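Peer 1: For reference, this is final_29.pdb, and it has PDB, C-alpha atoms, pLDDT in the B column.
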```pdb
ATOM      1  CA  ALA T  19      -3.233   9.853  10.332  1.00 53.00           C
ATOM      2  CA  GLN T  20      -1.978   6.296  10.604  1.00 54.00           C
ATOM      3  CA  ASP T  21      -2.544   3.935   7.694  1.00 57.00           C
ATOM      4  CA  ASN T  22      -3.423   0.576   9.280  1.00 57.00           C
ATOM      5  CA  SER T  23      -2.894  -1.372   6.038  1.00 56.00           C
ATOM      6  CA  VAL T  24       0.796  -0.426   6.193  1.00 54.00           C
ATOM      7  CA  VAL T  25       0.973  -1.065   9.924  1.00 51.00           C
ATOM      8  CA  ASN T  26      -0.279  -4.629   9.501  1.00 54.00           C
ATOM      9  CA  ARG T  27       2.150  -5.362   6.675  1.00 53.00           C
ATOM     10  CA  PHE T  28       5.177  -4.088   8.570  1.00 51.00           C
ATOM     11  CA  ASP T  29       4.280  -5.925  11.760  1.00 50.00           C
ATOM     12  CA  PHE T  30       4.741  -9.120   9.759  1.00 52.00           C
ATOM     13  CA  LEU T  31       8.195  -8.292   8.386  1.00 53.00           C
ATOM     14  CA  LEU T  32      10.251 -10.494  10.692  1.00 55.00           C
ATOM     15  CA  SER T  33       8.614 -13.821   9.939  1.00 66.00           C
ATOM     16  CA  ASN T  34      10.451 -17.133  10.108  1.00 71.00           C
ATOM     17  CA  GLY T  35      10.994 -16.986   6.345  1.00 75.00           C
ATOM     18  CA  ILE T  36      12.741 -13.623   6.614  1.00 72.00           C
ATOM     19  CA  MET T  37      14.896 -14.850   9.495  1.00 75.00           C
ATOM     20  CA  ALA T  38      15.914 -17.905   7.467  1.00 82.00           C
ATOM     21  CA  LYS T  39      16.951 -15.601   4.611  1.00 83.00           C
ATOM     22  CA  VAL T  40      18.915 -13.386   6.991  1.00 81.00           C
ATOM     23  CA  LEU T  41      20.813 -16.391   8.349  1.00 85.00           C
ATOM     24  CA  SER T  42      21.481 -17.572   4.814  1.00 90.00           C
ATOM     25  CA  MET T  43      22.845 -14.156   3.817  1.00 87.00           C
ATOM     26  CA  VAL T  44      25.197 -14.048   6.807  1.00 88.00           C
ATOM     27  CA  THR T  45      26.388 -17.585   6.075  1.00 89.00           C
ATOM     28  CA  GLU T  46      27.231 -16.640   2.481  1.00 90.00           C
ATOM     29  CA  GLU T  47      28.746 -13.223   3.226  1.00 88.00           C
ATOM     30  CA  ARG T  48      29.939 -12.516   6.784  1.00 87.00           C
ATOM     31  CA  ALA T  49      30.343  -8.758   6.092  1.00 87.00           C
ATOM     32  CA  ILE T  50      26.571  -8.379   5.654  1.00 86.00           C
ATOM     33  CA  LYS T  51      26.078  -9.192   9.350  1.00 85.00           C
ATOM     34  CA  HIS T  52      26.847  -5.595  10.419  1.00 83.00           C
ATOM     35  CA  VAL T  53      24.372  -4.150   7.925  1.00 81.00           C
ATOM     36  CA  LEU T  54      21.646  -6.553   9.014  1.00 80.00           C
ATOM     37  CA  LEU T  55      22.278  -5.859  12.705  1.00 79.00           C
ATOM     38  CA  GLU T  56      21.838  -2.140  12.044  1.00 76.00           C
ATOM     39  CA  LEU T  57      18.597  -2.722  10.153  1.00 74.00           C
ATOM     40  CA  LEU T  58      17.036  -5.420  12.302  1.00 73.00           C
ATOM     41  CA  SER T  59      18.188  -4.907  15.889  1.00 76.00           C
ATOM     42  CA  PRO T  60      16.204  -2.828  18.396  1.00 77.00           C
ATOM     43  CA  GLU T  61      19.196  -0.492  18.791  1.00 77.00           C
ATOM     44  CA  GLY T  62      19.600   0.066  15.048  1.00 75.00           C
ATOM     45  CA  SER T  63      17.647   2.100  12.554  1.00 79.00           C
ATOM     46  CA  GLU T  64      13.869   2.180  12.535  1.00 83.00           C
ATOM     47  CA  MET T  65      11.622   1.622   9.560  1.00 84.00           C
ATOM     48  CA  LEU T  66       9.209   4.548   9.472  1.00 88.00           C
ATOM     49  CA  VAL T  67       6.242   5.468   7.348  1.00 91.00           C
ATOM     50  CA  ARG T  68       6.422   9.244   7.044  1.00 89.00           C
ATOM     51  CA  PRO T  69       3.597  11.349   5.607  1.00 90.00           C
ATOM     52  CA  TYR T  70       4.551  12.778   2.218  1.00 86.00           C
ATOM     53  CA  ALA T  71       2.703  15.947   3.268  1.00 82.00           C
ATOM     54  CA  HIS T  72       5.729  16.647   5.482  1.00 80.00           C
ATOM     55  CA  PHE T  73       7.734  17.226   2.270  1.00 77.00           C
ATOM     56  CA  ALA T  74       4.968  18.277  -0.144  1.00 72.00           C
ATOM     57  CA  ASP T  75       5.269  22.062   0.191  1.00 70.00           C
ATOM     58  CA  TYR T  76       9.038  21.956  -0.100  1.00 72.00           C
ATOM     59  CA  LEU T  77       8.954  19.670  -3.153  1.00 76.00           C
ATOM     60  CA  ALA T  78       5.948  21.263  -4.910  1.00 72.00           C
ATOM     61  CA  PRO T  79       8.060  23.157  -7.498  1.00 72.00           C
ATOM     62  CA  VAL T  80       9.563  19.878  -8.804  1.00 75.00           C
ATOM     63  CA  TRP T  81       6.493  17.658  -8.294  1.00 70.00           C
ATOM     64  CA  ASP T  82       6.004  16.785 -11.996  1.00 73.00           C
ATOM     65  CA  THR T  83       9.549  15.533 -12.479  1.00 81.00           C
ATOM     66  CA  LEU T  84      10.439  14.240  -8.999  1.00 88.00           C
ATOM     67  CA  SER T  85      11.832  10.709  -9.315  1.00 93.00           C
ATOM     68  CA  PHE T  86      12.637   8.141  -6.633  1.00 94.00           C
ATOM     69  CA  TRP T  87      16.325   9.161  -6.947  1.00 94.00           C
ATOM     70  CA  ASP T  88      15.425  12.852  -6.470  1.00 91.00           C
ATOM     71  CA  LEU T  89      13.213  12.151  -3.470  1.00 91.00           C
ATOM     72  CA  SER T  90      15.938   9.923  -2.054  1.00 92.00           C
ATOM     73  CA  ALA T  91      18.410  12.839  -2.135  1.00 90.00           C
ATOM     74  CA  HIS T  92      15.949  15.130  -0.316  1.00 87.00           C
ATOM     75  CA  VAL T  93      15.199  12.474   2.312  1.00 88.00           C
ATOM     76  CA  ARG T  94      18.904  11.676   2.771  1.00 88.00           C
ATOM     77  CA  ALA T  95      19.518  15.355   3.640  1.00 85.00           C
ATOM     78  CA  SER T  96      17.336  14.826   6.735  1.00 82.00           C
ATOM     79  CA  GLY T  97      19.383  11.790   7.801  1.00 86.00           C
ATOM     80  CA  ASP T  98      16.969   9.116   6.550  1.00 88.00           C
ATOM     81  CA  ILE T  99      17.277   6.531   3.784  1.00 89.00           C
ATOM     82  CA  LEU T 100      14.354   6.228   1.373  1.00 92.00           C
ATOM     83  CA  ILE T 101      13.371   2.627   0.699  1.00 93.00           C
ATOM     84  CA  GLY T 102       9.906   3.016  -0.790  1.00 94.00           C
ATOM     85  CA  TYR T 103       6.588   4.793  -0.914  1.00 94.00           C
ATOM     86  CA  LYS T 104       2.903   4.093  -0.488  1.00 94.00           C
ATOM     87  CA  ARG T 105       0.150   5.762  -2.434  1.00 92.00           C
ATOM     88  CA  GLN T 106      -3.198   6.050  -0.698  1.00 91.00           C
ATOM     89  CA  ARG T 107      -5.256   2.850  -1.145  1.00 90.00           C
ATOM     90  CA  GLU T 108      -2.385   0.999  -2.888  1.00 93.00           C
ATOM     91  CA  ALA T 109       0.157  -1.538  -1.724  1.00 92.00           C
ATOM     92  CA  PRO T 110       3.556  -0.206  -0.618  1.00 93.00           C
ATOM     93  CA  VAL T 111       6.315  -0.114  -3.232  1.00 94.00           C
ATOM     94  CA  LEU T 112       9.786  -0.947  -1.904  1.00 93.00           C
ATOM     95  CA  ASN T 113      12.900  -0.395  -4.028  1.00 92.00           C
ATOM     96  CA  PRO T 114      11.023   0.465  -7.251  1.00 94.00           C
ATOM     97  CA  HIS T 115      12.440  -0.886 -10.483  1.00 93.00           C
ATOM     98  CA  ASP T 116      12.358   2.397 -12.440  1.00 94.00           C
ATOM     99  CA  LYS T 117      13.914   4.904 -10.061  1.00 94.00           C
ATOM    100  CA  ARG T 118      14.065   7.658 -12.709  1.00 94.00           C
ATOM    101  CA  ALA T 119      10.311   7.747 -13.461  1.00 93.00           C
ATOM    102  CA  PRO T 120       8.302  10.666 -11.993  1.00 91.00           C
ATOM    103  CA  LEU T 121       6.544   9.597  -8.782  1.00 90.00           C
ATOM    104  CA  ARG T 122       3.823  12.256  -8.588  1.00 86.00           C
ATOM    105  CA  LEU T 123       3.084  11.565  -4.928  1.00 87.00           C
ATOM    106  CA  LEU T 124       0.264  13.510  -3.267  1.00 84.00           C
ATOM    107  CA  PRO T 125      -0.038  14.807   0.320  1.00 83.00           C
ATOM    108  CA  PRO T 126      -2.169  11.802   1.471  1.00 89.00           C
ATOM    109  CA  ASP T 127       0.615   9.429   0.299  1.00 91.00           C
ATOM    110  CA  SER T 128       3.531   8.229   2.451  1.00 92.00           C
ATOM    111  CA  ILE T 129       7.205   7.506   2.073  1.00 92.00           C
ATOM    112  CA  ILE T 130       8.964   4.581   3.735  1.00 93.00           C
ATOM    113  CA  VAL T 131      12.392   5.210   5.223  1.00 91.00           C
ATOM    114  CA  PHE T 132      15.071   3.777   7.443  1.00 88.00           C
ATOM    115  CA  SER T 133      15.821   6.367  10.091  1.00 86.00           C
ATOM    116  CA  PRO T 134      18.243   6.519  13.004  1.00 83.00           C
ATOM    117  CA  SER T 135      16.474   5.454  16.197  1.00 73.00           C
ATOM    118  CA  ASP T 136      15.001   8.166  18.429  1.00 64.00           C
ATOM    119  CA  ASP T 137      17.842   7.639  20.889  1.00 51.00           C
ATOM    120  CA  GLY T 138      20.583   7.788  18.273  1.00 43.00           C
ATOM    121  CA  PRO T 139      22.343  10.801  16.797  1.00 41.00           C
ATOM    122  CA  GLY T 140      20.860  12.427  13.741  1.00 40.00           C
ATOM    123  CA  HIS T 141      17.185  11.830  14.480  1.00 38.00           C
ATOM    124  CA  SER T 142      15.670  14.821  12.742  1.00 40.00           C
ATOM    125  CA  MET T 143      11.947  14.703  13.525  1.00 38.00           C
ATOM    126  CA  SER T 144      10.335  16.465  16.457  1.00 36.00           C
ATOM    127  CA  SER T 145       8.140  14.653  18.963  1.00 34.00           C
ATOM    128  CA  ASP T 146       5.065  16.274  17.369  1.00 38.00           C
ATOM    129  CA  ASP T 147       5.930  14.606  14.063  1.00 42.00           C
ATOM    130  CA  ASP T 148       6.577  11.280  15.795  1.00 41.00           C
ATOM    131  CA  GLU T 149       3.043  11.249  17.190  1.00 38.00           C
ATOM    132  CA  GLN T 150       1.619  11.586  13.665  1.00 40.00           C
ATOM    133  CA  GLU T 151       3.429   8.617  12.139  1.00 41.00           C
ATOM    134  CA  HIS T 152       3.725   4.894  12.644  1.00 41.00           C
ATOM    135  CA  HIS T 153       6.976   3.441  13.901  1.00 42.00           C
ATOM    136  CA  GLY T 154       7.067   0.210  11.857  1.00 43.00           C
ATOM    137  CA  GLY T 155       8.923  -2.215  14.049  1.00 43.00           C
ATOM    138  CA  ALA T 156      12.228  -3.702  13.064  1.00 42.00           C
ATOM    139  CA  SER T 157      12.465  -5.390  16.431  1.00 40.00           C
TER
END
```
Now, as a test, write the supplied structure out as structure tokens.
Peer 2:
Amino acid sequence: AQDNSVVNRFDFLLSNGIMAKVLSMVTEERAIKHVLLELLSPEGSEMLVRPYAHFADYLAPVWDTLSFWDLSAHVRASGDILIGYKRQREAPVLNPHDKRAPLRLLPPDSIIVFSPSDDGPGHSMSSDDDEQEHHGGAS
């Protein structure tokens, strides 16, 4: 099921303020341009909100101690990059401060990832999974 509170927040990501910050970053450090193009261009990675239930059975044995770092390693194995999570009825958390603390996510919760675009190599989700999640636009 799609969580519209997350959808609305991510649709607003590329505001004028964000674009001004992007331009400022490129002005200060030219090398960052390639990273930003990958993250923000239509051809680059996508920001996705994936249901935690997709991982819940697999991660159940380590649920009590699973930290952001641990979850990041599991997500990275599928070709994605973990950038945050969203508990049901709470605001999304991006780049949490304490990455070693247990997360204790539940199946109704979501994780937020950067993922290769559907057209690019390494996209690991099937079309059935794609229909169940929101493709937060980075375009």
Peer 1: With only C-alpha atoms as the counted atoms, please give the residues lying no more than 6 Å from segment 123-136 of chain T, apart from itself and same-chain residues fewer than 5 positions off, as a list in words.
Peer 2: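 Within the cut-off, the hits are Ser63, Glu64, Met65, Leu66, Val67, Arg68, Pro69, Tyr70, Ala71, Asp98, Ile99, Leu100, Ile101, Gly102, Tyr103, Lys104, Arg105, Gln106 and His141 of chain T.
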Peer 1: Around (12.2, 20.4, 1.4) in the file's frame, which residues reach within 10 Å when counting all atoms listed in the file? Return as a VMD selection string?
Peer 2: chain T and resid 72 to 78 89 92 to 93 95 to 96
Peer 1: Print the selection's residues with C-alpha atoms to a file, as an mmCIF file, in the coordinates of the input.
Peer 2:
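Ended up saving to again-v7.cif:
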```cif
data_model
loop_
_atom_site.group_PDB
_atom_site.id
_atom_site.type_symbol
_atom_site.label_atom_id
_atom_site.label_comp_id
_atom_site.auth_asym_id
_atom_site.auth_seq_id
_atom_site.Cartn_x
_atom_site.Cartn_y
_atom_site.Cartn_z
ATOM 1 C CA HIS T 72 5.729 16.647 5.482
ATOM 2 C CA PHE T 73 7.734 17.226 2.270
ATOM 3 C CA ALA T 74 4.968 18.277 -0.144
ATOM 4 C CA ASP T 75 5.269 22.062 0.191
ATOM 5 C CA TYR T 76 9.038 21.956 -0.100
ATOM 6 C CA LEU T 77 8.954 19.670 -3.153
ATOM 7 C CA ALA T 78 5.948 21.263 -4.910
ATOM 8 C CA LEU T 89 13.213 12.151 -3.470
ATOM 9 C CA HIS T 92 15.949 15.130 -0.316
ATOM 10 C CA VAL T 93 15.199 12.474 2.312
ATOM 11 C CA ALA T 95 19.518 15.355 3.640
ATOM 12 C CA SER T 96 17.336 14.826 6.735
#
```
Peer 1: Report, in Å with one decimal, the straight-line distance from atom CA of Leu57 of chain T to atom CA of Arg107 of chain T.
Peer 2: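 So the two atoms, atom CA of Leu57 of chain T and atom CA of Arg107 of chain T, lie 27.0 Å apart.
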Peer 1: What's the separation between atom CA of Gly62 of chain T and atom CA of Pro114 of chain T, in Å to one decimal place?
Peer 2: 23.9 Å
Peer 1: Interatomic distance between atom CA of Gly97 of chain T and atom CA of Ile36 of chain T?
Peer 2: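 Result for atom CA of Gly97 of chain T versus atom CA of Ile36 of chain T: 26.3 Å, one decimal.
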Peer 1: Using the chain letters and numbering of this document, enumerate as a PyMOL selection string the residues selected by the PyMOL selection byres ((chain T and resi 83-85) around 9).
Peer 2: chain T and resi 77+80-82+86-90+116-123
